[in-house]
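Visitor: Input structure: final.txt, which contains compact mmCIF, C-alpha atoms and all ligand atoms.
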# COMPACT_ATOMS: atom_id res chain seq x y z
CA MET A 477 99.98 123.61 -12.79
CA THR A 478 98.59 120.26 -11.66
CA GLU A 479 101.14 117.76 -10.36
CA ALA A 480 101.59 114.20 -11.61
CA PRO A 481 99.21 111.91 -9.71
CA MET A 482 100.47 109.94 -6.71
CA ARG A 483 99.39 106.25 -6.61
CA LEU A 484 96.19 105.40 -4.78
CA TRP A 485 96.03 102.61 -2.16
CA GLU A 486 93.15 101.04 -0.26
CA VAL A 487 93.73 100.67 3.47
CA PHE A 488 92.48 97.70 5.53
CA ILE A 489 92.81 97.59 9.31
CA ARG A 490 92.39 94.73 11.77
CA SER A 491 91.08 96.15 15.02
CA ARG A 492 91.95 94.90 18.48
CA ASN A 493 88.84 92.79 18.83
CA GLY A 494 90.10 90.01 16.59
CA LEU A 495 87.85 90.70 13.60
CA ALA A 496 89.05 90.40 10.02
CA HIS A 497 90.80 93.34 8.33
CA GLN A 498 88.22 95.93 7.35
CA HIS A 499 88.35 98.64 4.73
CA ALA A 500 89.17 101.95 6.44
CA GLY A 501 89.67 104.27 3.46
CA SER A 502 92.30 105.14 0.91
CA ILE A 503 95.60 106.95 0.80
CA HIS A 504 98.02 108.37 -1.78
CA ALA A 505 101.66 107.29 -1.70
CA ALA A 506 104.48 106.61 -4.13
CA ASP A 507 105.17 103.06 -2.91
CA ALA A 508 103.87 100.38 -0.54
CA GLU A 509 106.17 101.24 2.36
CA MET A 510 105.19 104.92 2.33
CA ALA A 511 101.54 103.91 1.91
CA LEU A 512 101.78 101.88 5.13
CA GLN A 513 103.25 104.86 7.00
CA ALA A 514 100.64 107.26 5.63
CA ALA A 515 97.87 104.78 6.49
CA ARG A 516 99.19 104.54 10.04
CA ASP A 517 99.21 108.34 10.44
CA THR A 518 95.81 108.80 8.84
CA TYR A 519 93.74 105.89 10.12
CA THR A 520 95.25 104.74 13.44
CA ARG A 521 95.89 107.87 15.50
CA ARG A 522 93.92 106.43 18.44
CA GLY A 523 95.02 102.82 18.56
CA GLU A 524 92.30 101.73 16.13
CA GLY A 525 94.27 98.77 14.85
CA LEU A 526 96.91 96.12 15.34
CA SER A 527 97.57 95.35 11.69
CA ILE A 528 97.35 97.30 8.41
CA TRP A 529 97.13 96.08 4.81
CA VAL A 530 97.60 98.44 1.89
CA VAL A 531 96.55 97.29 -1.58
CA PRO A 532 96.99 99.23 -4.84
CA SER A 533 93.48 100.45 -5.67
CA ALA A 534 94.05 99.46 -9.30
CA ALA A 535 94.50 95.82 -8.20
CA ILE A 536 90.92 95.54 -6.97
CA THR A 537 88.32 94.00 -9.25
CA ALA A 538 84.84 95.09 -8.24
CA SER A 539 81.46 93.71 -9.21
CA ASP A 540 79.37 95.89 -11.49
CA PRO A 541 76.37 97.50 -9.73
CA GLY A 542 74.43 96.72 -12.91
CA ASP A 543 74.91 93.00 -12.23
CA LYS A 544 73.48 93.32 -8.73
CA ASP A 545 70.27 91.43 -9.52
CA ALA A 546 71.98 88.61 -11.38
CA LEU A 547 74.57 88.19 -8.63
CA PHE A 548 72.52 88.58 -5.48
CA GLU A 549 68.84 88.16 -6.31
CA SER A 550 68.95 84.36 -6.11
CA GLY A 551 69.93 84.59 -2.44
CA ALA A 552 66.73 86.45 -1.63
CA SER A 553 64.53 83.81 -3.31
CA LYS A 554 65.87 80.93 -1.19
CA PRO A 555 64.33 81.40 2.24
CA TYR A 556 64.93 77.68 2.96
CA ARG A 557 68.57 78.63 3.55
CA HIS A 558 67.55 80.39 6.76
CA PRO A 559 66.76 78.70 10.11
CA THR A 560 63.44 80.53 10.50
CA PHE A 561 62.09 78.67 7.43
CA TYR A 562 61.71 75.52 9.54
CA THR A 563 59.21 74.91 12.33
CA VAL A 564 60.19 73.02 15.44
CA PRO A 565 57.42 72.08 17.92
CA ASP A 566 57.26 74.39 20.95
CA GLU A 567 57.64 71.44 23.34
CA VAL A 568 61.14 70.83 21.97
CA GLY A 569 62.27 74.21 23.30
CA HIS A 570 65.06 76.34 21.94
CA MET A 571 67.01 74.89 19.01
CA MET X 854 78.93 125.04 6.90
CA TYR X 855 82.47 124.20 5.89
CA SER X 856 80.92 124.04 2.43
CA GLN X 857 78.77 127.13 2.96
CA ALA X 858 80.15 128.79 -0.18
CA LEU X 859 78.48 126.28 -2.45
CA ASP X 860 78.02 128.11 -5.68
CA GLN X 861 74.85 126.87 -7.28
CA ARG X 862 75.25 128.48 -10.66
CA ASP X 863 77.63 125.75 -11.67
CA VAL X 864 75.36 123.04 -10.44
CA GLN X 865 72.47 124.40 -12.41
CA ARG X 866 74.49 124.86 -15.60
CA ALA X 867 73.52 121.92 -17.74
CA ASP X 868 76.37 119.68 -18.78
CA SER X 869 74.43 118.60 -21.84
CA GLN X 870 76.69 115.77 -22.86
CA ARG X 871 76.66 113.89 -19.56
CA GLU X 872 73.10 114.75 -18.75
CA ALA X 873 71.85 113.42 -22.09
CA GLY X 874 71.36 109.94 -20.59
CA GLU X 875 69.21 111.28 -17.76
CA SER X 876 65.71 110.18 -18.75
CA PRO X 877 62.88 111.13 -16.36
CA ASP X 878 62.54 107.42 -15.68
CA ARG X 879 66.13 107.04 -14.58
CA LEU X 880 65.98 110.16 -12.43
CA ALA X 881 62.83 108.87 -10.77
CA ARG X 882 64.49 105.53 -10.01
CA PHE X 883 67.46 107.36 -8.50
CA GLN X 884 65.18 109.53 -6.36
CA ALA X 885 63.30 106.44 -5.18
CA ARG X 886 66.57 104.87 -4.02
CA VAL X 887 67.47 108.05 -2.12
CA GLU X 888 64.04 108.16 -0.49
CA ALA X 889 64.32 104.52 0.53
CA GLU X 890 67.50 105.60 2.40
CA GLU X 891 69.68 103.39 0.22
CA LYS X 892 73.27 104.64 0.10
CA ILE X 893 74.52 105.76 -3.30
CA GLU X 894 77.97 104.28 -3.97
CA PRO X 895 80.71 105.47 -6.36
CA ASN X 896 79.95 103.08 -9.21
CA ASP X 897 76.16 103.53 -9.03
CA TRP X 898 74.39 105.62 -11.60
CA MET X 899 73.74 109.18 -10.37
CA PRO X 900 72.51 112.40 -11.95
CA GLU X 901 75.33 114.62 -13.12
CA ALA X 902 74.11 117.52 -10.96
CA TYR X 903 74.17 115.26 -7.87
CA ARG X 904 77.77 114.30 -8.65
CA ARG X 905 78.82 117.92 -9.22
CA THR X 906 77.09 119.13 -6.06
CA LEU X 907 78.90 116.49 -4.02
CA VAL X 908 82.32 117.13 -5.58
CA ARG X 909 81.93 120.79 -4.77
CA GLN X 910 80.58 120.33 -1.25
CA ILE X 911 83.04 117.59 -0.22
CA SER X 912 86.07 119.35 -1.68
CA GLN X 913 85.12 122.67 -0.06
CA HIS X 914 84.76 120.79 3.19
CA ALA X 915 88.21 119.19 2.67
CA HIS X 916 89.83 122.54 1.82
CA SER X 917 88.32 124.02 4.99
CA GLU X 918 89.88 121.30 7.16
CA ILE X 919 93.27 121.91 5.56
CA VAL X 920 93.18 125.72 5.62
CA GLY X 921 91.72 125.49 9.13
CA MET X 922 95.05 124.16 10.40
CA GLY X 923 96.53 127.64 9.87
CA PRO X 924 94.80 129.76 12.53
CA GLU X 925 95.40 127.14 15.24
CA GLY X 926 98.87 126.18 14.06
CA ASN X 927 99.72 129.82 14.77
CA TRP X 928 99.64 129.06 18.52
CA ILE X 929 101.32 125.64 18.76
CA THR X 930 104.75 127.03 19.65
CA ARG X 931 103.21 129.48 22.12
CA ALA X 932 100.84 127.15 23.97
CA PRO X 933 101.00 127.97 27.70
CA SER X 934 101.84 124.44 28.88
CA LEU X 935 103.02 121.10 27.57
CA ARG X 936 99.53 119.66 28.14
CA ARG X 937 97.94 122.36 26.00
CA LYS X 938 100.63 122.03 23.37
CA ALA X 939 100.20 118.26 23.05
CA ALA X 940 96.41 118.68 22.76
CA LEU X 941 96.67 121.42 20.15
CA LEU X 942 99.18 119.44 18.08
CA ALA X 943 96.88 116.40 18.18
CA LYS X 944 93.88 118.50 17.20
CA VAL X 945 95.64 120.14 14.27
CA GLN X 946 96.85 116.72 13.13
CA ASP X 947 93.25 115.48 13.30
CA GLU X 948 92.12 118.36 11.07
CA CYS X 949 94.72 117.31 8.50
CA GLY X 950 93.33 113.77 8.72
CA HIS X 951 89.79 115.12 8.20
CA GLY X 952 90.97 116.87 5.05
CA VAL X 953 92.50 113.63 3.79
CA TYR X 954 89.36 111.52 4.51
CA LEU X 955 87.28 114.11 2.67
CA TYR X 956 89.57 114.44 -0.36
CA ALA X 957 89.45 110.64 -0.64
CA ALA X 958 85.63 110.74 -0.58
CA ALA X 959 85.60 113.41 -3.31
CA GLU X 960 88.01 111.38 -5.42
CA THR X 961 85.52 108.49 -5.57
CA LEU X 962 83.41 110.83 -7.74
CA GLY X 963 86.04 110.89 -10.47
CA VAL X 964 88.11 113.97 -9.66
CA SER X 965 91.82 113.69 -8.79
CA ARG X 966 93.48 114.87 -5.59
CA GLU X 967 95.94 116.93 -7.61
CA GLU X 968 93.13 118.72 -9.43
CA LEU X 969 91.37 119.52 -6.16
CA VAL X 970 94.55 120.89 -4.56
CA ASP X 971 95.15 122.91 -7.70
CA GLN X 972 91.65 124.42 -7.45
CA LEU X 973 92.39 125.55 -3.90
CA LEU X 974 95.83 126.99 -4.64
CA THR X 975 94.67 128.91 -7.70
CA GLY X 976 91.76 130.42 -5.76
CA ARG X 977 89.07 128.69 -7.85
CA ALA X 978 87.79 126.71 -4.88
CA LYS X 979 86.22 128.15 -1.76
CA TYR X 980 86.65 127.19 1.87
CA SER X 981 84.84 128.22 5.03
CA SER X 982 84.90 131.97 5.69
CA ILE X 983 85.66 131.36 9.38
CA PHE X 984 89.31 130.54 8.69
CA ASN X 985 89.95 134.00 7.28
CA TYR X 986 89.79 135.54 10.76
CA PRO X 987 93.03 135.97 12.77
CA THR X 988 93.93 134.22 16.05
CA LEU X 989 95.14 137.16 18.11
CA SER X 990 95.44 135.62 21.58
CA TRP X 991 95.61 132.22 23.30
CA ALA X 992 91.93 132.59 24.19
CA ASP X 993 91.16 132.33 20.48
CA ILE X 994 92.33 128.71 20.60
CA GLY X 995 89.75 128.08 23.34
CA ALA X 996 87.05 129.93 21.40
CA ILE X 997 87.79 128.05 18.18
CA GLY X 998 87.58 124.62 19.81
CA TRP X 999 84.43 125.53 21.71
CA LEU X 1000 82.60 127.46 18.98
CA VAL X 1001 84.06 126.60 15.56
CA ASP X 1002 84.36 122.89 16.27
CA GLY X 1003 81.03 123.04 18.11
CA ALA X 1004 79.39 124.49 15.00
CA ALA X 1005 81.17 121.91 12.84
CA ILE X 1006 79.76 119.09 14.99
CA MET X 1007 76.20 120.47 14.60
CA ASN X 1008 76.65 120.38 10.85
CA GLN X 1009 78.53 117.12 10.57
CA ILE X 1010 76.34 114.84 12.66
CA PRO X 1011 73.47 114.91 10.12
CA LEU X 1012 76.02 114.49 7.31
CA CYS X 1013 76.79 111.03 8.75
CA ARG X 1014 73.43 110.06 7.19
CA CYS X 1015 74.15 111.71 3.83
CA SER X 1016 72.88 109.68 0.86
CA TYR X 1017 76.36 109.38 -0.65
CA GLY X 1018 78.10 106.44 1.06
CA PRO X 1019 81.77 107.55 0.99
CA TYR X 1020 80.88 111.04 2.33
CA ALA X 1021 78.70 109.57 5.09
CA ARG X 1022 81.46 107.15 6.13
CA ALA X 1023 84.09 109.92 6.16
CA MET X 1024 81.80 112.03 8.37
CA ILE X 1025 81.31 109.19 10.85
CA ARG X 1026 85.08 108.98 11.27
CA VAL X 1027 85.35 112.78 11.57
CA CYS X 1028 82.55 113.02 14.14
CA LYS X 1029 84.24 110.45 16.39
CA GLU X 1030 87.23 112.79 16.59
CA GLU X 1031 85.47 116.15 16.90
CA SER X 1032 84.21 115.78 20.44
CA PHE X 1033 87.75 116.02 21.83
CA HIS X 1034 88.26 119.22 19.81
CA GLN X 1035 85.28 120.97 21.33
CA ARG X 1036 85.96 119.78 24.86
CA GLN X 1037 89.62 120.85 24.87
CA GLY X 1038 88.51 124.29 23.63
CA TYR X 1039 85.86 124.66 26.31
CA GLU X 1040 88.33 123.54 28.96
CA ILE X 1041 90.67 126.36 27.88
CA MET X 1042 87.75 128.82 28.23
CA VAL X 1043 86.82 127.47 31.69
CA THR X 1044 90.43 127.81 32.85
CA LEU X 1045 90.68 131.39 31.59
CA CYS X 1046 87.32 132.36 33.10
CA ARG X 1047 88.38 131.01 36.50
CA GLY X 1048 91.65 132.94 36.26
CA THR X 1049 92.63 136.56 36.71
CA ALA X 1050 90.60 139.56 35.53
CA ALA X 1051 92.99 139.89 32.60
CA GLN X 1052 92.40 136.25 31.61
CA ARG X 1053 88.62 136.68 31.83
CA ALA X 1054 88.89 139.79 29.66
CA MET X 1055 90.89 137.79 27.13
CA ALA X 1056 88.18 135.11 27.02
CA GLN X 1057 85.46 137.75 26.58
CA ASP X 1058 87.40 139.44 23.81
CA ALA X 1059 87.75 136.12 21.96
CA LEU X 1060 84.00 135.43 22.26
CA ASP X 1061 83.26 138.99 21.07
CA ARG X 1062 85.30 138.47 17.92
CA TRP X 1063 84.27 134.87 17.09
CA TRP X 1064 80.54 134.83 17.90
CA TRP X 1065 79.16 136.43 14.74
CA PRO X 1066 81.59 134.80 12.27
CA VAL X 1067 80.71 131.41 13.83
CA LEU X 1068 76.98 132.01 13.26
CA MET X 1069 77.83 132.77 9.62
CA MET X 1070 79.48 129.34 9.26
CA PHE X 1071 76.03 127.81 8.79
CA GLY X 1072 75.65 129.71 5.52
CA PRO X 1073 73.14 132.25 4.23
CA PRO X 1074 69.58 132.35 5.61
CA ASP X 1075 67.17 129.78 4.16
CA ALA X 1076 65.24 132.45 2.29
CA GLU X 1077 68.37 133.23 0.27
CA SER X 1078 69.76 129.76 -0.30
CA GLN X 1079 67.77 128.28 -3.14
CA HIS X 1080 70.09 125.24 -3.40
CA SER X 1081 69.05 123.99 0.03
CA ASP X 1082 65.89 122.44 -1.45
CA GLN X 1083 67.61 120.23 -4.00
CA SER X 1084 70.25 119.09 -1.48
CA MET X 1085 67.48 118.23 0.97
CA ARG X 1086 65.60 116.25 -1.71
CA TRP X 1087 68.79 114.33 -2.48
CA LYS X 1088 69.32 113.79 1.26
CA ILE X 1089 72.78 115.33 1.08
CA LYS X 1090 71.50 117.82 3.63
CA ARG X 1091 69.07 116.93 6.41
CA PHE X 1092 68.54 120.32 8.05
CA THR X 1093 68.41 123.83 6.66
CA ASN X 1094 71.09 126.46 7.42
CA ASP X 1095 68.76 128.34 9.76
CA GLY X 1096 67.68 125.13 11.48
CA LEU X 1097 71.26 124.14 12.28
CA ARG X 1098 72.15 127.70 13.33
CA GLN X 1099 69.26 127.69 15.79
CA LYS X 1100 70.33 124.35 17.27
CA PHE X 1101 73.82 125.76 17.74
CA VAL X 1102 72.63 128.97 19.42
CA ASP X 1103 70.35 127.02 21.77
CA ALA X 1104 73.21 124.72 22.77
CA THR X 1105 75.81 127.47 23.14
CA VAL X 1106 74.06 130.26 25.07
CA PRO X 1107 73.90 128.23 28.32
CA GLN X 1108 77.57 127.27 27.90
CA ALA X 1109 78.54 130.96 27.64
CA ARG X 1110 76.47 131.72 30.73
CA TYR X 1111 78.27 129.00 32.67
CA LEU X 1112 81.54 130.70 31.76
CA GLY X 1113 80.14 134.04 32.94
CA LEU X 1114 80.74 135.52 29.50
CA ALA X 1115 78.38 137.87 27.68
CA ILE X 1116 77.29 137.01 24.15
CA PRO X 1117 77.94 140.16 22.08
CA ASP X 1118 74.34 140.55 20.92
CA PRO X 1119 72.10 143.15 22.61
CA ASP X 1120 69.04 141.65 20.91
CA LEU X 1121 69.59 138.10 22.16
CA ARG X 1122 66.47 136.90 23.99
CA PHE X 1123 64.77 133.68 24.98
CA ASP X 1124 61.46 133.06 23.27
CA GLU X 1125 59.44 131.17 25.88
CA ALA X 1126 56.75 130.04 23.44
CA ALA X 1127 59.17 128.66 20.87
CA GLY X 1128 61.70 127.48 23.45
CA HIS X 1129 64.54 129.03 21.46
CA TRP X 1130 67.20 131.70 21.89
CA LEU X 1131 66.66 134.33 19.19
CA THR X 1132 69.62 136.39 17.97
CA GLY X 1133 69.72 139.84 16.46
CA PRO X 1134 70.32 140.31 12.72
CA ILE X 1135 73.48 138.80 11.22
CA ASP X 1136 75.65 141.06 9.07
CA TRP X 1137 75.49 139.13 5.79
CA ALA X 1138 77.41 141.86 3.98
CA GLU X 1139 80.44 140.94 6.08
CA PHE X 1140 79.93 137.26 5.25
CA ARG X 1141 79.89 137.97 1.52
CA ARG X 1142 82.88 140.28 1.79
CA VAL X 1143 85.01 137.66 3.59
CA LEU X 1144 83.96 134.89 1.18
CA ALA X 1145 84.87 137.09 -1.77
CA GLY X 1146 88.41 137.47 -0.42
CA GLY X 1147 88.05 140.60 1.71
CA GLY X 1148 88.67 139.02 5.12
CA VAL X 1149 91.67 139.92 7.29
CA CYS X 1150 93.59 136.72 6.50
CA ASN X 1151 92.37 135.44 3.09
CA ARG X 1152 95.63 136.29 1.34
CA GLN X 1153 97.81 134.96 4.15
CA ARG X 1154 95.93 131.64 4.33
CA LEU X 1155 96.29 130.91 0.61
CA GLU X 1156 99.91 132.00 0.60
CA ALA X 1157 100.62 129.57 3.44
CA ARG X 1158 99.02 126.71 1.46
CA ARG X 1159 100.97 127.60 -1.68
CA ARG X 1160 104.22 127.76 0.25
CA ALA X 1161 103.54 124.39 1.88
CA GLN X 1162 102.85 122.86 -1.54
CA GLN X 1163 106.04 124.33 -3.03
CA ASP X 1164 108.22 123.45 -0.07
CA GLY X 1165 107.01 119.85 -0.13
CA ALA X 1166 107.40 119.39 -3.89
CA TRP X 1167 110.94 118.00 -3.68
CA VAL X 1168 109.81 115.37 -1.16
CA ARG X 1169 107.02 114.17 -3.45
CA ASP X 1170 109.37 114.20 -6.46
CA ALA X 1171 111.96 112.18 -4.56
CA ALA X 1172 109.33 109.67 -3.39
CA ARG X 1173 108.10 109.18 -6.95
CA ALA X 1174 111.65 108.80 -8.29
CA TYR X 1175 112.51 106.29 -5.55
CA ALA X 1176 109.36 104.28 -6.23
CA ALA X 1177 110.04 104.28 -9.99
CA LYS X 1178 113.65 103.18 -9.50
CA HIS X 1179 112.66 100.27 -7.24
CA ALA X 1180 109.71 99.23 -9.39
CA ALA X 1181 111.87 98.95 -12.55
CA PRO X 1182 114.03 95.91 -11.56
CA ALA X 1183 110.91 94.08 -10.35
CA ARG X 1184 109.27 94.54 -13.74
CA GLU X 1185 112.39 93.37 -15.57
CA ALA X 1186 112.59 90.23 -13.46
CA ALA X 1187 108.94 89.34 -14.08
FE FE G 1201 87.70 118.81 11.44
FE FE G 1202 87.80 119.77 14.60
Starting from the coordinates I provided, produce the structure as structure tokens.
Ligand SMILES: [Fe+2]
Ligand SMILES: [Fe+2]

Guide:
Amino acid sequence: MTEAPMRLWEVFIRSRNGLAHQHAGSIHAADAEMALQAARDTYTRRGEGLSIWVVPSAAITASDPGDKDALFESGASKPYRHPTFYTVPDEVGHM
Amino acid sequence: MYSQALDQRDVQRADSQREAGESPDRLARFQARVEAEEKIEPNDWMPEAYRRTLVRQISQHAHSEIVGMGPEGNWITRAPSLRRKAALLAKVQDECGHGVYLYAAAETLGVSREELVDQLLTGRAKYSSIFNYPTLSWADIGAIGWLVDGAAIMNQIPLCRCSYGPYARAMIRVCKEESFHQRQGYEIMVTLCRGTAAQRAMAQDALDRWWWPVLMMFGPPDAESQHSDQSMRWKIKRFTNDGLRQKFVDATVPQARYLGLAIPDPDLRFDEAAGHWLTGPIDWAEFRRVLAGGGVCNRQRLEARRRAQQDGAWVRDAARAYAAKHAAPAREAA
């Protein structure tokens, strides 16, 4: 007999080096407090982090892979947004 | 490897409904993405057979990590020192973590954790044959870390580049933790081999019993594993079973020599031209027998999992009831 499902949570961890919280994986738990404890046991057994966020997986709205072109294509067609698009005379040196 | 039991009949059985949308054009686009080394992510379109192959392989891998806690857990209370006990506890806890990372990766393919656990407990799912062998002495803990985790590392490093993103990311995390497992095992072997004659005999006995089952972990020979091709095309697999087995043998023979232990294979020889250690024939009948349930510990391992599931049921029920009780007032207030 299959048991009733346990809620799914996404785990985000901020590592020691001061970077933003990063997605580490997911965890099952009945509530937020237990999700934090399970995330600690599962994802920080070797001092990987200084802070953990847990977010109900159902609360995340994700972009549709089918919309990838519409969402991100325009970025690729605008090379003038990158520094290498512009020429600076050699004599000026590094800029 | 941990997913050596991959049963291809299921993968090849057409799921006509879901596969109806798989035009040659779409399949070709998918294959092109794989060949361009793009990662396939959970919401991306994928062929149904690719999804099924991954669910099976990842869940078998997860089950192996979980069942694999049994043989080593057997020695935690009898570890010869506090140092060894702390290391073994940490290793077994890691294996539990590996199971959890892998279940989570499988779940991204649309199958629930509860369903996967159910498949294991009802005997519908397979796990690595290696965990159906008993751990008879403390030296077995050394041999498992050295050989079983060593073989797992050989298999798992290429899986870090698997085409399916969540599986690849889980394997990267696992691989970071495996090196400690192998080193603590080899350290146990070194200590025993530098000890008394009785301790050296214990180490030799463990190697004698684990050597052949460990070679079987890589799965049937390439000539007999027709599914290898498709998994290689999909870049789920990067090396064949025989290729990985050879890498493992080449890496391990010198380590056994350093210990002064004899590999239990009278046919073992170094092929100068090829630069490889060649082993004698592997007893594939034993492999099939153990996979089919005929190993020394198959029944015991599954019983232990079922008992753990039953004994923990009240905790999960209580957690759910507590969460429901505390969620209710919040909803009313909103
Ligand atoms: Fe593991
Ligand atoms: Fe391990």

Visitor: Which distance in Å separates CA of Phe1092 in chain X and CA of Phe1071 in chain X, to one decimal?

Guide: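 Separating CA of Phe1092 in chain X from CA of Phe1071 in chain X is a distance of 10.6 Å.
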
Visitor: Would you mind telling me which residue in X:Gly1133, X:Gly976, X:Gly998, X:Gly950 lies nearest to chain A when using only C-alpha atoms?

Guide: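 Closest to chain A of all the choices is X:Gly950.
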
Visitor: Report as JSON lines the residues of chain X within 12 Å of ligand FE 1201 (chain G), each with its shortest atom pair and distance in Å (one decimal), using all atoms listed in the file, ordered by chain and increasing residue number.

Guide:
{"residue": "X:Met854", "atom": "CA", "partner": "G:FE1201", "partner_atom": "FE", "distance": 11.7}
{"residue": "X:Tyr855", "atom": "CA", "partner": "G:FE1201", "partner_atom": "FE", "distance": 9.3}
{"residue": "X:His914", "atom": "CA", "partner": "G:FE1201", "partner_atom": "FE", "distance": 9.0}
{"residue": "X:Ala915", "atom": "CA", "partner": "G:FE1201", "partner_atom": "FE", "distance": 8.8}
{"residue": "X:His916", "atom": "CA", "partner": "G:FE1201", "partner_atom": "FE", "distance": 10.5}
{"residue": "X:Ser917", "atom": "CA", "partner": "G:FE1201", "partner_atom": "FE", "distance": 8.3}
{"residue": "X:Glu918", "atom": "CA", "partner": "G:FE1201", "partner_atom": "FE", "distance": 5.4}
{"residue": "X:Ile919", "atom": "CA", "partner": "G:FE1201", "partner_atom": "FE", "distance": 8.7}
{"residue": "X:Val920", "atom": "CA", "partner": "G:FE1201", "partner_atom": "FE", "distance": 10.6}
{"residue": "X:Gly921", "atom": "CA", "partner": "G:FE1201", "partner_atom": "FE", "distance": 8.1}
{"residue": "X:Met922", "atom": "CA", "partner": "G:FE1201", "partner_atom": "FE", "distance": 9.2}
{"residue": "X:Glu925", "atom": "CA", "partner": "G:FE1201", "partner_atom": "FE", "distance": 12.0}
{"residue": "X:Ala943", "atom": "CA", "partner": "G:FE1201", "partner_atom": "FE", "distance": 11.6}
{"residue": "X:Lys944", "atom": "CA", "partner": "G:FE1201", "partner_atom": "FE", "distance": 8.5}
{"residue": "X:Val945", "atom": "CA", "partner": "G:FE1201", "partner_atom": "FE", "distance": 8.5}
{"residue": "X:Gln946", "atom": "CA", "partner": "G:FE1201", "partner_atom": "FE", "distance": 9.5}
{"residue": "X:Asp947", "atom": "CA", "partner": "G:FE1201", "partner_atom": "FE", "distance": 6.7}
{"residue": "X:Glu948", "atom": "CA", "partner": "G:FE1201", "partner_atom": "FE", "distance": 4.5}
{"residue": "X:Cys949", "atom": "CA", "partner": "G:FE1201", "partner_atom": "FE", "distance": 7.8}
{"residue": "X:Gly950", "atom": "CA", "partner": "G:FE1201", "partner_atom": "FE", "distance": 8.0}
{"residue": "X:His951", "atom": "CA", "partner": "G:FE1201", "partner_atom": "FE", "distance": 5.3}
{"residue": "X:Gly952", "atom": "CA", "partner": "G:FE1201", "partner_atom": "FE", "distance": 7.4}
{"residue": "X:Val953", "atom": "CA", "partner": "G:FE1201", "partner_atom": "FE", "distance": 10.4}
{"residue": "X:Tyr954", "atom": "CA", "partner": "G:FE1201", "partner_atom": "FE", "distance": 10.2}
{"residue": "X:Leu955", "atom": "CA", "partner": "G:FE1201", "partner_atom": "FE", "distance": 10.0}
{"residue": "X:Ser981", "atom": "CA", "partner": "G:FE1201", "partner_atom": "FE", "distance": 11.7}
{"residue": "X:Ile997", "atom": "CA", "partner": "G:FE1201", "partner_atom": "FE", "distance": 11.4}
{"residue": "X:Gly998", "atom": "CA", "partner": "G:FE1201", "partner_atom": "FE", "distance": 10.2}
{"residue": "X:Val1001", "atom": "CA", "partner": "G:FE1201", "partner_atom": "FE", "distance": 9.5}
{"residue": "X:Asp1002", "atom": "CA", "partner": "G:FE1201", "partner_atom": "FE", "distance": 7.2}
{"residue": "X:Gly1003", "atom": "CA", "partner": "G:FE1201", "partner_atom": "FE", "distance": 10.3}
{"residue": "X:Ala1004", "atom": "CA", "partner": "G:FE1201", "partner_atom": "FE", "distance": 10.7}
{"residue": "X:Ala1005", "atom": "CA", "partner": "G:FE1201", "partner_atom": "FE", "distance": 7.4}
{"residue": "X:Ile1006", "atom": "CA", "partner": "G:FE1201", "partner_atom": "FE", "distance": 8.7}
{"residue": "X:Asn1008", "atom": "CA", "partner": "G:FE1201", "partner_atom": "FE", "distance": 11.2}
{"residue": "X:Gln1009", "atom": "CA", "partner": "G:FE1201", "partner_atom": "FE", "distance": 9.4}
{"residue": "X:Ala1023", "atom": "CA", "partner": "G:FE1201", "partner_atom": "FE", "distance": 11.0}
{"residue": "X:Met1024", "atom": "CA", "partner": "G:FE1201", "partner_atom": "FE", "distance": 9.5}
{"residue": "X:Ile1025", "atom": "CA", "partner": "G:FE1201", "partner_atom": "FE", "distance": 11.6}
{"residue": "X:Arg1026", "atom": "CA", "partner": "G:FE1201", "partner_atom": "FE", "distance": 10.2}
{"residue": "X:Val1027", "atom": "CA", "partner": "G:FE1201", "partner_atom": "FE", "distance": 6.5}
{"residue": "X:Cys1028", "atom": "CA", "partner": "G:FE1201", "partner_atom": "FE", "distance": 8.2}
{"residue": "X:Lys1029", "atom": "CA", "partner": "G:FE1201", "partner_atom": "FE", "distance": 10.3}
{"residue": "X:Glu1030", "atom": "CA", "partner": "G:FE1201", "partner_atom": "FE", "distance": 7.9}
{"residue": "X:Glu1031", "atom": "CA", "partner": "G:FE1201", "partner_atom": "FE", "distance": 6.5}
{"residue": "X:Ser1032", "atom": "CA", "partner": "G:FE1201", "partner_atom": "FE", "distance": 10.1}
{"residue": "X:Phe1033", "atom": "CA", "partner": "G:FE1201", "partner_atom": "FE", "distance": 10.8}
{"residue": "X:His1034", "atom": "CA", "partner": "G:FE1201", "partner_atom": "FE", "distance": 8.4}
{"residue": "X:Gln1035", "atom": "CA", "partner": "G:FE1201", "partner_atom": "FE", "distance": 10.4}

Visitor: Excluding range 478-489 of chain A and any residue of its chain fewer than 2 positions from it, enumerate the residues within 7 Å of it, using only C-alpha atoms, and give them as a list in words.

Guide: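 With the cut-off at 7 Å, the set is Ser491, His497, Gln498, His499, Ala500, Gly501, Ser502, Ile503, His504, Ala505, Ala506, Ala511, Ala515, Gly525, Ser527, Ile528, Trp529, Val530, Val531, Pro532 and Ser533 of chain A; Glu967, Glu968 and Asp971 of chain X.
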
Visitor: For a quick check of understanding, using all atoms listed in the file, which of X:Glu875, X:Glu901, X:Asp1058, X:Glu1139 has the smallest distance to Ala1115 in chain X?

Guide: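 Answer, going by the shortest atom-to-atom distance: X:Asp1058.
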